[in-house]
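Everything below belongs to entry-v9.cif, which stores mmCIF, C-alpha atoms.
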```
data_query
#
loop_
_atom_site.label_atom_id
_atom_site.label_comp_id
_atom_site.auth_asym_id
_atom_site.auth_seq_id
_atom_site.Cartn_x
_atom_site.Cartn_y
_atom_site.Cartn_z
CA MET A 19 21.19 -16.63 13.06
CA GLY A 20 20.09 -20.01 11.82
CA THR A 21 22.53 -22.75 12.55
CA ALA A 22 22.31 -25.93 10.54
CA PRO A 23 20.77 -28.83 12.45
CA PRO A 24 22.88 -31.96 12.86
CA GLY A 25 22.75 -34.38 9.98
CA ARG A 26 22.74 -31.72 7.30
CA PRO A 27 25.65 -32.08 4.83
CA PRO A 28 28.17 -29.26 5.40
CA ALA A 29 28.27 -26.55 2.76
CA PRO A 30 31.62 -25.52 1.28
CA GLY A 31 33.50 -23.04 3.49
CA THR A 32 32.76 -22.46 7.12
CA PRO A 33 29.44 -20.69 7.75
CA ARG A 34 31.24 -17.83 9.50
CA VAL A 35 33.49 -17.10 6.52
CA ARG A 36 30.61 -17.30 4.07
CA ARG A 37 28.45 -15.02 6.19
CA LEU A 38 31.25 -12.46 6.50
CA LEU A 39 31.81 -12.52 2.76
CA GLY A 40 28.11 -12.07 2.17
CA ALA A 41 27.85 -9.23 4.65
CA ALA A 42 30.77 -7.45 3.01
CA ALA A 43 28.75 -7.13 -0.18
CA PHE A 44 26.37 -4.62 1.41
CA PRO A 45 28.84 -1.86 2.33
CA ALA A 46 30.07 -2.21 -1.26
CA LEU A 47 26.49 -1.78 -2.48
CA PHE A 48 26.10 1.34 -0.33
CA VAL A 49 29.33 2.86 -1.65
CA GLY A 50 28.27 2.09 -5.19
CA LEU A 51 24.87 3.72 -4.70
CA VAL A 52 26.40 6.87 -3.17
CA VAL A 53 29.00 7.12 -5.95
CA GLY A 54 26.23 6.80 -8.51
CA MET A 55 24.17 9.43 -6.74
CA THR A 56 26.92 12.04 -7.10
CA GLN A 57 25.94 12.15 -10.76
CA LEU A 58 22.35 13.09 -9.91
CA PRO A 59 21.20 16.70 -10.20
CA GLU A 60 21.59 18.74 -7.03
CA PHE A 61 18.76 18.28 -4.51
CA GLY A 62 16.11 20.92 -5.17
CA ASP A 63 17.54 21.99 -8.52
CA PRO A 64 14.66 23.56 -10.50
CA ALA A 65 16.47 22.81 -13.77
CA SER A 66 16.79 19.06 -13.15
CA PRO A 67 15.41 16.80 -15.90
CA ALA A 68 12.62 15.55 -13.64
CA SER A 69 11.39 19.11 -13.19
CA THR A 70 11.70 20.27 -16.78
CA HIS A 71 10.17 17.36 -18.67
CA LEU A 72 6.41 16.90 -18.56
CA SER A 73 5.94 18.38 -15.11
CA PRO A 74 5.63 22.04 -16.32
CA ARG A 75 2.79 20.89 -18.55
CA PHE A 76 1.04 19.27 -15.59
CA ILE A 77 1.59 22.28 -13.32
CA GLU A 78 0.50 24.95 -15.78
CA ASP A 79 -2.42 23.25 -17.52
CA ALA A 80 -3.86 20.79 -14.98
CA ALA A 81 -6.21 23.19 -13.22
CA ALA A 82 -7.58 24.62 -16.47
CA GLU A 83 -7.97 21.22 -18.10
CA THR A 84 -9.28 19.11 -15.25
CA GLY A 85 -10.71 21.58 -12.73
CA ALA A 86 -8.65 20.05 -9.93
CA ALA A 87 -6.58 22.47 -7.85
CA ASN A 88 -4.64 19.51 -6.48
CA MET A 89 -2.30 18.61 -9.33
CA VAL A 90 -1.53 15.24 -7.81
CA THR A 91 -5.20 14.31 -8.14
CA ALA A 92 -5.29 15.60 -11.70
CA VAL A 93 -2.25 13.54 -12.67
CA LEU A 94 -3.46 10.47 -10.79
CA ALA A 95 -7.02 10.23 -12.05
CA ASP A 96 -6.86 12.04 -15.36
CA TYR A 97 -3.49 12.19 -17.13
CA ARG A 98 -2.34 8.86 -15.76
CA GLY A 99 -5.74 7.23 -15.36
CA TYR A 100 -4.58 4.13 -17.19
CA ASP A 101 -1.68 3.67 -14.79
CA THR A 102 -3.97 4.15 -11.80
CA LEU A 103 -6.32 1.50 -13.17
CA GLY A 104 -3.35 -0.86 -13.18
CA GLU A 105 -2.45 0.04 -9.60
CA ALA A 106 -6.02 -0.49 -8.43
CA ALA A 107 -6.03 -3.85 -10.22
CA VAL A 108 -2.79 -4.84 -8.46
CA ILE A 109 -4.31 -3.98 -5.08
CA PHE A 110 -7.48 -5.90 -5.92
CA ALA A 111 -5.44 -8.87 -7.11
CA ALA A 112 -3.47 -8.87 -3.86
CA GLY A 113 -6.74 -9.07 -1.92
CA LEU A 114 -8.01 -11.88 -4.13
CA GLY A 115 -4.69 -13.69 -3.80
CA CYS A 116 -4.84 -13.55 -0.03
CA LEU A 117 -8.40 -14.82 -0.14
CA VAL A 118 -7.39 -17.77 -2.33
CA ILE A 119 -4.31 -18.58 -0.25
CA LEU A 120 -6.00 -18.45 3.15
CA ALA A 121 -9.78 -18.47 3.18
CA ALA A 122 -10.32 -20.75 0.20
CA ALA A 123 -7.54 -23.11 1.20
CA GLY A 124 -9.27 -23.60 4.52
CA ALA A 125 -11.87 -25.59 2.53
CA ARG A 126 -14.67 -23.68 4.22
CA PRO A 127 -16.81 -21.85 1.72
CA ASP A 128 -18.40 -19.62 4.34
CA PRO A 129 -15.98 -18.97 7.19
CA PRO A 130 -17.78 -18.13 10.44
CA GLY A 131 -17.23 -14.41 10.25
CA ALA A 132 -13.91 -12.65 10.07
CA GLY A 133 -12.10 -10.82 12.80
CA MET A 134 -9.88 -11.49 15.74
CA SER A 135 -10.44 -14.82 17.45
CA HIS A 136 -10.31 -13.10 20.83
CA PRO A 137 -11.77 -9.60 20.64
CA PHE A 138 -10.50 -7.23 23.30
CA GLY A 139 -13.95 -6.11 24.38
CA SER A 140 -13.43 -3.90 27.39
CA VAL A 141 -15.90 -1.16 28.30
CA VAL A 142 -13.38 1.62 27.70
CA LEU A 143 -12.34 0.26 24.30
CA ASP A 144 -15.95 -0.26 23.33
CA ALA A 145 -16.94 3.28 24.24
CA ALA A 146 -13.88 4.81 22.56
CA THR A 147 -14.50 2.79 19.41
CA ARG A 148 -18.14 3.86 19.25
CA ILE A 149 -16.98 7.48 19.26
CA LEU A 150 -13.91 7.07 17.05
CA VAL A 151 -15.19 4.84 14.27
CA PRO A 152 -17.82 7.22 12.88
CA VAL A 153 -15.28 10.03 12.93
CA VAL A 154 -12.70 7.90 11.12
CA LEU A 155 -15.19 6.75 8.49
CA LEU A 156 -16.54 10.26 7.95
CA PHE A 157 -13.03 11.69 7.72
CA ALA A 158 -12.22 9.05 5.11
CA VAL A 159 -15.09 10.23 2.93
CA TYR A 160 -14.02 13.84 3.50
CA VAL A 161 -10.49 13.01 2.38
CA LEU A 162 -11.96 11.36 -0.71
CA ILE A 163 -14.21 14.18 -1.86
CA HIS A 164 -11.80 16.92 -0.84
CA GLY A 165 -9.06 15.38 -2.93
CA HIS A 166 -9.58 17.95 -5.66
CA VAL A 167 -8.52 20.90 -3.58
CA SER A 168 -6.39 19.49 -0.75
CA PRO A 169 -4.13 16.51 -0.13
CA GLY A 170 -6.31 13.45 -0.38
CA GLY A 171 -8.12 11.26 -2.81
CA GLY A 172 -9.26 7.71 -3.29
CA PHE A 173 -6.15 5.89 -2.11
CA GLN A 174 -5.75 7.85 1.12
CA GLY A 175 -9.46 7.90 1.90
CA GLY A 176 -9.77 4.21 1.08
CA VAL A 177 -6.98 3.24 3.47
CA LEU A 178 -8.56 5.41 6.18
CA PHE A 179 -11.95 3.79 5.64
CA GLY A 180 -10.35 0.36 5.71
CA SER A 181 -8.59 1.19 8.97
CA GLY A 182 -11.95 2.17 10.45
CA LEU A 183 -13.37 -1.20 9.40
CA ILE A 184 -10.35 -2.94 10.92
CA MET A 185 -10.75 -1.02 14.18
CA MET A 186 -14.28 -2.36 14.54
CA ARG A 187 -13.10 -5.90 13.84
CA LEU A 188 -10.28 -5.61 16.36
CA VAL A 189 -12.49 -4.43 19.21
CA TRP A 190 -15.83 -6.04 18.47
CA GLY A 191 -14.61 -9.24 16.92
CA PRO A 192 -16.18 -11.01 13.97
CA ALA A 193 -18.55 -8.98 11.87
CA HIS A 194 -21.49 -11.39 11.84
CA GLU A 195 -21.19 -13.71 14.80
CA GLY A 196 -19.82 -14.05 18.28
CA ARG A 197 -21.41 -10.94 19.73
CA ALA A 198 -22.61 -12.84 22.77
CA HIS A 199 -20.06 -11.13 24.97
CA GLN A 200 -21.44 -7.73 23.99
CA PRO A 201 -25.01 -7.99 22.80
CA ALA A 202 -25.46 -4.18 22.82
CA VAL A 203 -22.99 -3.63 19.97
CA PRO A 204 -24.92 -2.89 16.81
CA ALA A 205 -23.99 -4.93 13.78
CA PHE A 206 -22.38 -2.53 11.39
CA GLY A 207 -20.04 -2.67 8.47
CA PRO A 208 -19.34 -5.24 5.79
CA GLY A 209 -17.98 -8.65 6.65
CA LEU A 210 -15.52 -10.54 4.47
CA ARG A 211 -18.07 -11.08 1.74
CA GLY A 212 -19.28 -7.49 1.86
CA SER A 213 -15.72 -6.17 1.70
CA LEU A 214 -15.08 -8.33 -1.33
CA VAL A 215 -18.21 -6.94 -2.97
CA LEU A 216 -16.97 -3.40 -2.21
CA ALA A 217 -13.62 -4.09 -3.84
CA CYS A 218 -15.24 -5.68 -6.91
CA ALA A 219 -17.67 -2.77 -7.23
CA GLY A 220 -14.77 -0.33 -7.12
CA ILE A 221 -12.75 -1.98 -9.86
CA LEU A 222 -15.86 -2.49 -12.00
CA ALA A 223 -16.83 1.16 -11.59
CA TYR A 224 -13.35 2.21 -12.69
CA VAL A 225 -13.50 0.07 -15.84
CA GLY A 226 -17.11 1.18 -16.34
CA ILE A 227 -16.14 4.85 -16.41
CA GLY A 228 -13.47 4.00 -18.96
CA LEU A 229 -15.92 2.09 -21.15
CA ALA A 230 -18.59 4.79 -20.79
CA ALA A 231 -16.08 7.28 -22.15
CA MET A 232 -15.65 4.99 -25.18
CA ALA A 233 -19.41 4.71 -25.63
CA PHE A 234 -19.66 8.48 -25.88
CA GLY A 235 -16.95 8.81 -28.47
CA GLY A 236 -13.76 9.21 -26.50
CA GLU A 237 -10.88 6.84 -25.95
CA PHE A 238 -10.80 4.41 -23.02
CA LEU A 239 -10.67 6.52 -19.81
CA ASN A 240 -10.51 9.75 -21.82
CA TYR A 241 -13.74 10.81 -20.17
CA GLY A 242 -13.99 14.41 -21.35
CA THR A 243 -16.77 13.37 -23.73
CA LEU A 244 -19.18 12.12 -21.05
CA PRO A 245 -22.52 13.99 -21.24
CA LEU A 246 -22.44 15.39 -17.71
CA GLY A 247 -23.21 18.95 -18.78
CA GLY A 248 -21.03 22.00 -18.50
CA ASP A 249 -17.66 22.73 -20.00
CA PRO A 250 -15.06 19.99 -20.55
CA ALA A 251 -13.06 20.93 -17.44
CA HIS A 252 -16.16 20.52 -15.29
CA VAL A 253 -16.97 17.15 -16.87
CA ARG A 254 -13.41 16.01 -16.16
CA GLU A 255 -13.69 17.23 -12.59
CA LEU A 256 -16.80 15.11 -12.01
CA ALA A 257 -15.36 12.07 -13.75
CA THR A 258 -12.16 12.43 -11.72
CA LEU A 259 -14.25 12.27 -8.58
CA GLY A 260 -15.89 9.12 -9.97
CA ILE A 261 -12.47 7.56 -10.57
CA GLU A 262 -11.34 8.49 -7.07
CA ALA A 263 -14.51 7.01 -5.59
CA ALA A 264 -13.89 3.77 -7.50
CA VAL A 265 -10.32 3.64 -6.16
CA PHE A 266 -11.70 4.38 -2.69
CA LEU A 267 -14.03 1.38 -2.82
CA THR A 268 -11.32 -0.90 -4.17
CA VAL A 269 -8.77 0.07 -1.54
CA ALA A 270 -11.19 0.08 1.41
CA GLY A 271 -12.62 -3.31 0.45
CA THR A 272 -9.21 -4.85 -0.20
CA VAL A 273 -7.74 -3.66 3.11
CA ALA A 274 -10.65 -5.25 4.97
CA VAL A 275 -10.38 -8.46 2.90
CA LEU A 276 -6.66 -8.69 3.67
CA PHE A 277 -7.28 -8.29 7.39
CA ASP A 278 -10.15 -10.79 7.42
CA THR A 279 -8.36 -13.48 5.46
CA ILE A 280 -5.16 -13.17 7.49
CA SER A 281 -7.08 -13.34 10.76
CA ILE A 282 -8.98 -16.42 9.54
CA GLY A 283 -5.71 -18.00 8.48
CA MET A 284 -4.06 -17.25 11.81
CA ARG A 285 -7.00 -18.72 13.68
CA GLU A 286 -6.76 -21.94 11.69
CA SER A 287 -2.98 -22.18 11.80
CA GLY A 288 -2.99 -23.17 15.41
CA ALA A 289 -0.73 -22.75 18.41
CA PRO A 290 2.28 -20.46 18.65
CA LEU A 291 5.50 -21.89 17.31
CA PRO A 292 8.24 -23.11 19.64
CA PRO A 293 10.99 -20.54 20.31
CA GLY A 294 13.52 -20.34 17.52
CA ASP A 295 11.08 -21.48 14.90
CA GLY A 296 9.85 -18.11 13.84
CA ASP A 297 7.24 -16.49 16.03
CA SER A 298 9.92 -14.79 18.05
CA ALA A 299 13.33 -15.52 16.52
CA MET B 17 22.78 15.11 -1.51
CA THR B 18 22.32 14.10 2.12
CA ILE B 19 18.85 12.82 1.40
CA TYR B 20 20.17 10.69 -1.45
CA ALA B 21 22.75 9.18 0.91
CA PHE B 22 19.97 8.58 3.45
CA ALA B 23 17.92 6.78 0.81
CA ALA B 24 20.96 4.74 -0.18
CA ALA B 25 21.59 3.78 3.46
CA LEU B 26 17.96 2.72 3.93
CA PHE B 27 18.04 0.75 0.70
CA THR B 28 21.24 -1.04 1.73
CA LEU B 29 19.80 -1.81 5.15
CA GLY B 30 16.70 -3.26 3.54
CA ILE B 31 18.58 -5.46 1.08
CA ALA B 32 21.00 -6.62 3.78
CA GLY B 33 18.08 -7.48 6.04
CA MET B 34 16.39 -9.46 3.29
CA ALA B 35 19.55 -11.45 2.67
CA LEU B 36 20.92 -11.91 6.19
CA LEU B 37 17.97 -12.21 8.57
CA PRO B 38 16.93 -15.82 9.24
CA ASN B 39 13.22 -15.22 9.81
CA LEU B 40 10.86 -14.83 6.87
CA LEU B 41 8.74 -12.22 8.68
CA ARG B 42 11.84 -10.13 9.33
CA LYS B 43 12.81 -10.48 5.70
CA LEU B 44 9.41 -9.07 4.78
CA LEU B 45 9.88 -6.11 7.13
CA ALA B 46 13.31 -5.51 5.61
CA MET B 47 11.71 -5.49 2.17
CA ASN B 48 9.34 -2.80 3.41
CA VAL B 49 12.33 -0.74 4.57
CA MET B 50 13.76 -1.08 1.07
CA GLN B 51 10.47 0.09 -0.45
CA VAL B 52 10.47 3.11 1.85
CA ALA B 53 13.98 3.94 0.62
CA VAL B 54 12.76 3.95 -2.97
CA ILE B 55 9.81 6.15 -2.01
CA VAL B 56 12.05 8.63 -0.18
CA PHE B 57 14.36 8.80 -3.19
CA PHE B 58 11.52 9.31 -5.65
CA VAL B 59 9.80 12.01 -3.63
CA SER B 60 13.07 13.84 -3.07
CA LEU B 61 13.42 14.14 -6.85
CA ALA B 62 10.21 16.18 -6.87
CA PHE B 63 11.66 18.89 -4.63
CA LYS B 64 12.37 22.30 -6.16
CA ASP B 65 14.02 25.20 -4.32
CA GLY B 66 11.55 28.02 -3.73
CA ALA B 67 8.55 25.97 -4.78
CA THR B 68 5.50 25.01 -2.76
CA VAL B 69 3.24 21.95 -2.64
CA PRO B 70 1.57 21.14 -5.97
CA ILE B 71 -1.85 22.44 -4.97
CA LEU B 72 -3.12 25.55 -6.68
CA GLY B 73 -4.00 28.38 -4.33
CA GLN B 74 -5.53 31.74 -5.09
CA GLY B 75 -3.87 33.83 -7.74
CA GLY B 76 -3.23 33.96 -11.44
CA ALA B 77 -2.04 31.35 -13.88
CA PRO B 78 0.36 28.87 -12.27
CA ARG B 79 4.01 28.95 -13.29
CA ALA B 80 6.08 25.80 -13.30
CA ALA B 81 8.74 27.26 -11.01
CA GLU B 82 6.23 27.92 -8.24
CA PHE B 83 5.12 24.33 -7.63
CA MET B 84 6.91 21.09 -6.98
CA ASN B 85 6.74 18.30 -9.48
CA PRO B 86 3.43 16.47 -8.92
CA LEU B 87 4.41 13.37 -10.89
CA PRO B 88 6.68 11.63 -8.32
CA HIS B 89 4.11 12.34 -5.63
CA THR B 90 1.43 10.66 -7.72
CA LEU B 91 3.57 7.64 -8.43
CA MET B 92 4.62 7.19 -4.82
CA LEU B 93 1.09 7.72 -3.53
CA THR B 94 -0.03 4.68 -5.43
CA ALA B 95 3.19 2.80 -4.67
CA ILE B 96 2.59 3.13 -0.92
CA VAL B 97 -0.88 1.60 -1.12
CA VAL B 98 0.33 -1.10 -3.50
CA SER B 99 3.11 -1.93 -1.06
CA VAL B 100 0.54 -2.21 1.74
CA SER B 101 -1.49 -4.73 -0.20
CA THR B 102 1.49 -6.72 -1.44
CA THR B 103 2.70 -6.85 2.16
CA GLY B 104 -0.72 -8.21 3.08
CA LEU B 105 -0.42 -10.87 0.39
CA ALA B 106 3.06 -11.79 1.63
CA LEU B 107 1.72 -12.04 5.19
CA GLY B 108 -0.95 -14.39 3.87
CA LEU B 109 1.73 -16.59 2.35
CA LEU B 110 3.64 -16.52 5.64
CA VAL B 111 0.55 -17.65 7.54
CA ARG B 112 0.21 -20.62 5.19
CA ILE B 113 3.90 -21.47 5.49
CA ARG B 114 3.64 -21.23 9.27
CA SER B 115 0.66 -23.53 9.52
CA ARG B 116 2.04 -26.08 7.08
CA PHE B 117 5.72 -26.28 8.08
CA ARG B 118 5.45 -25.01 11.68
CA THR B 119 8.40 -22.67 11.22
CA LEU B 120 9.30 -19.32 9.73
CA ASN B 121 13.04 -19.88 10.02
CA GLU B 122 14.55 -19.99 6.57
CA GLN B 123 17.12 -22.71 7.29
CA ARG B 124 14.67 -25.03 9.04
CA LEU B 125 12.17 -24.43 6.29
CA LEU B 126 14.71 -25.45 3.65
CA ASP B 127 15.58 -28.53 5.68
CA ARG B 128 11.92 -29.50 5.99
CA LEU B 129 11.37 -28.98 2.28
CA ARG B 130 13.94 -31.65 1.40
#
```

Could I get this structure in the form of structure tokens?
Amino acid sequence: MGTAPPGRPPAPGTPRVRRLLGAAAFPALFVGLVVGMTQLPEFGDPASPASTHLSPRFIEDAAAETGAANMVTAVLADYRGYDTLGEAAVIFAAGLGCLVILAAAGARPDPPGAGMSHPFGSVVLDAATRILVPVVLLFAVYVLIHGHVSPGGGFQGGVLFGSGLIMMRLVWGPAHEGRAHQPAVPAFGPGLRGSLVLACAGILAYVGIGLAAMAFGGEFLNYGTLPLGGDPAHVRELATLGIEAAVFLTVAGTVAVLFDTISIGMRESGAPLPPGDGDSA
Amino acid sequence: MTIYAFAAALFTLGIAGMALLPNLLRKLLAMNVMQVAVIVFFVSLAFKDGATVPILGQGGAPRAAEFMNPLPHTLMLTAIVVSVSTTGLALGLLVRIRSRFRTLNEQRLLDRLR
């Protein structure tokens, strides 16, 4: 625990007493939470308020109205599309924030490629990555387009795709430079700038679907009116896939942007800290 | 009931870690533990005895008693990814703090800020 360095004015009460008093607050919090939870409906109770309000409507009508067998996808991209737009915007904003904090603050408009400063680069890792990365990226797209009928969708697929991008950066190093140690590795995948473009394209596509619905006479994101042919449920199914794809791009791009900016920031932040200053303590 | 107590224990651990640990990175990890507690609690509210996952299989019209509540799953699905990206943003802030003040220890940081 942090002890005050000499020269700092002493705070009222000894540190030990204050820390004990503070620590005693947390058992009290736990007891309070458990006492409050005794008032909750029994675990698994089908008649609990959470299961009787709104959710029967979702369960019984979602498949007929949206064409998605996976009700979670139907709720995510259709009934609560507005909420999901907000979530995607939060994720995108987090990526932008990290970019502003780290990459932009480094005062270098075009950082020399993103990735680990010291790629691992062994033969075994290289071979394994060549085999694994296509599988991971393909599986991500599968998870995205299968989200209608099985667990999956834009968020999960996007994170998977992003992890594939990160795997390449970890093993092969920066996306657009520093391949001298392994000239045989093909350049593949978006760098920091490309990831940012992916994320922007995703959020713009999401808003674009919402505005297109308005242009064809619906409300914002009420995309049943889009002229995609077929019955309304089929139109909603297609538009839901569009929404999921937009979320996919946003999440995949943002995950890669976060990794790139943090690795750039770490590279520029210099040597490890002395013990006790934070890297280990 | 047990799962609620488990969520409460995780939540308490997370809050206590955020308050008591001296290192900012550990505080961030403790905040993640707290977020996981909220997610566990939310998803446990979706559970219904005798119901299955909210994905329509073969068969006739779905009845509400047959499937679990899809709404908490939806909310937590997005919450998990949002927590990943906010954690990334927090890590970015930590990197800046580390390079500027050369410490992640809360007390030393406060001393250096004076």

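Using all atoms listed in the file, the shortest contact distance between chain A and any of B:Ile55, B:Gly76, B:Leu105, B:Val49 is found at B:Leu105.
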
Practice task
Report as a list in words the full result of the PyMOL selection byres ((chain A and resi 260) around 10) when it is applied to this structure.
Solution key: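 So the PyMOL selection byres ((chain A and resi 260) around 10) ends up selecting Ala95, Ile163, Gly172, Gly220, Ala223, Tyr224, Ile227, Arg254, Glu255, Leu256, Ala257, Thr258, Leu259, Ile261, Glu262, Ala263, Ala264, Val265 and Phe266 of chain A.
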
Exercise for the section: List, as a ChimeraX atom specification, every residue that the PyMOL selection byres ((chain A and resi 55) around 12) selects in the file provided. Expected result: /A:48-54,56-61 /B:17-25,57,61

Problem - Explicit residues for the PyMOL selection byres ((chain A and resi 155) around 10) (as a VMD selection string) - result: chain A and resid 150 to 154 156 to 161 175 to 176 178 to 183

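Comparing the minimum interatomic distances between Leu114 in chain A and each of A:Asp278, A:Glu286, A:Asp79, A:Glu237, counting only C-alpha atoms, we find that A:Asp278 sits nearest.
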
Exercise for the section: Just give me the gap between CA of Thr94 in chain B and CA of Tyr100 in chain A in Å, one decimal is fine. Expected result: 12.6 Å

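Closest approach to chain A among B:Ile71, B:Lys43, B:Ile113, B:Ser99 is made by B:Ile71 (distances from all atoms listed in the file).
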
Completion exercise
Atom pair CA of Thr279 in chain A + CA of Ala95 in chain B, distance 22.4 Å

Exercise for the section: Identify the residues within 8 Å of coordinate (13.4, -21.8, 8.1) (same frame as the file), considering all atoms listed in the file, and give the answer as a PyMOL selection string. Expected result: (chain A and resi 20+295-296) or (chain B and resi 38-40+119-127)

Problem - Separation of CA of Leu94 in chain A from CA of Asn85 in chain B in Å - result: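 It comes out at 12.9 Å.
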
Exercise for the section: Find, counting all atoms listed in the file, the residue in B:Leu45, B:Ala67, B:Leu129, B:Val98 that gets nearest to Gly113 in chain A. Expected result: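 Residue with the minimum atom-to-atom distance to Gly113 in chain A: B:Val98.
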
Handout entry: Pick from A:Thr268, A:Asn240, A:Ser281, A:Ser73, whichever lies nearest to chain B using all atoms listed in the file
Key =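 For chain B, the nearest of the candidates is A:Ser73.
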
Which residues, written as a PDB file with C-alpha atoms, in the frame of the given file, have at least one atom at most 7 Å from Ala217 in chain A, with all atoms listed in the file counted and residues fewer than 2 positions away on the same chain left out?
```
ATOM      1  CA  PHE A 110      -7.480  -5.900  -5.920  1.00  0.00           C
ATOM      2  CA  SER A 213     -15.720  -6.170   1.700  1.00  0.00           C
ATOM      3  CA  LEU A 214     -15.080  -8.330  -1.330  1.00  0.00           C
ATOM      4  CA  VAL A 215     -18.210  -6.940  -2.970  1.00  0.00           C
ATOM      5  CA  ALA A 219     -17.670  -2.770  -7.230  1.00  0.00           C
ATOM      6  CA  GLY A 220     -14.770  -0.330  -7.120  1.00  0.00           C
ATOM      7  CA  ILE A 221     -12.750  -1.980  -9.860  1.00  0.00           C
ATOM      8  CA  LEU A 267     -14.030   1.380  -2.820  1.00  0.00           C
ATOM      9  CA  THR A 268     -11.320  -0.900  -4.170  1.00  0.00           C
ATOM     10  CA  VAL A 269      -8.770   0.070  -1.540  1.00  0.00           C
ATOM     11  CA  GLY A 271     -12.620  -3.310   0.450  1.00  0.00           C
ATOM     12  CA  THR A 272      -9.210  -4.850  -0.200  1.00  0.00           C
TER      13      THR A 272
END
```

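Checking A:Leu216, A:Ile77, A:Leu246, A:Ala231 one by one against chain B, counting all atoms listed in the file, you find the shortest gap at A:Ile77.
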
Practice task
Please provide as a list in words all residues within 6 Å of Met50 in chain B, with the sequence filter that same-chain residues fewer than 2 positions apart are discarded (counting only C-alpha atoms).
Solution key: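 Those residues are Phe27, Gly30, Met47, Asn48, Val52 and Ala53 of chain B.
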
Kindly reconstruct range 88-102 of chain B with N, CA and C atoms and present the result as a short mmCIF file (atom, residue, chain, number, x, y, z; two decimals), keeping the file's coordinate frame.
```
data_model
loop_
_atom_site.label_atom_id
_atom_site.label_comp_id
_atom_site.auth_asym_id
_atom_site.auth_seq_id
_atom_site.Cartn_x
_atom_site.Cartn_y
_atom_site.Cartn_z
N PRO B 88 6.17 12.63 -9.29
CA PRO B 88 6.68 11.63 -8.32
C PRO B 88 5.73 11.43 -7.15
N HIS B 89 5.06 12.50 -6.73
CA HIS B 89 4.11 12.34 -5.63
C HIS B 89 2.99 11.38 -6.02
N THR B 90 2.50 11.54 -7.25
CA THR B 90 1.43 10.66 -7.72
C THR B 90 1.89 9.21 -7.74
N LEU B 91 3.09 9.01 -8.30
CA LEU B 91 3.57 7.64 -8.43
C LEU B 91 3.78 7.00 -7.07
N MET B 92 4.33 7.78 -6.13
CA MET B 92 4.62 7.19 -4.82
C MET B 92 3.36 7.01 -3.99
N LEU B 93 2.38 7.89 -4.21
CA LEU B 93 1.09 7.72 -3.53
C LEU B 93 0.49 6.35 -3.83
N THR B 94 0.51 5.99 -5.11
CA THR B 94 -0.03 4.68 -5.43
C THR B 94 0.92 3.57 -4.98
N ALA B 95 2.23 3.85 -5.05
CA ALA B 95 3.19 2.80 -4.67
C ALA B 95 3.05 2.43 -3.21
N ILE B 96 2.73 3.42 -2.35
CA ILE B 96 2.59 3.13 -0.92
C ILE B 96 1.42 2.17 -0.70
N VAL B 97 0.29 2.46 -1.35
CA VAL B 97 -0.88 1.60 -1.12
C VAL B 97 -0.65 0.22 -1.75
N VAL B 98 0.02 0.19 -2.91
CA VAL B 98 0.33 -1.10 -3.50
C VAL B 98 1.25 -1.89 -2.58
N SER B 99 2.21 -1.20 -1.94
CA SER B 99 3.11 -1.93 -1.06
C SER B 99 2.36 -2.45 0.17
N VAL B 100 1.36 -1.70 0.63
CA VAL B 100 0.54 -2.21 1.74
C VAL B 100 -0.14 -3.51 1.34
N SER B 101 -0.74 -3.52 0.14
CA SER B 101 -1.49 -4.73 -0.20
C SER B 101 -0.57 -5.88 -0.57
N THR B 102 0.58 -5.59 -1.17
CA THR B 102 1.49 -6.72 -1.44
C THR B 102 2.06 -7.26 -0.14
#
```
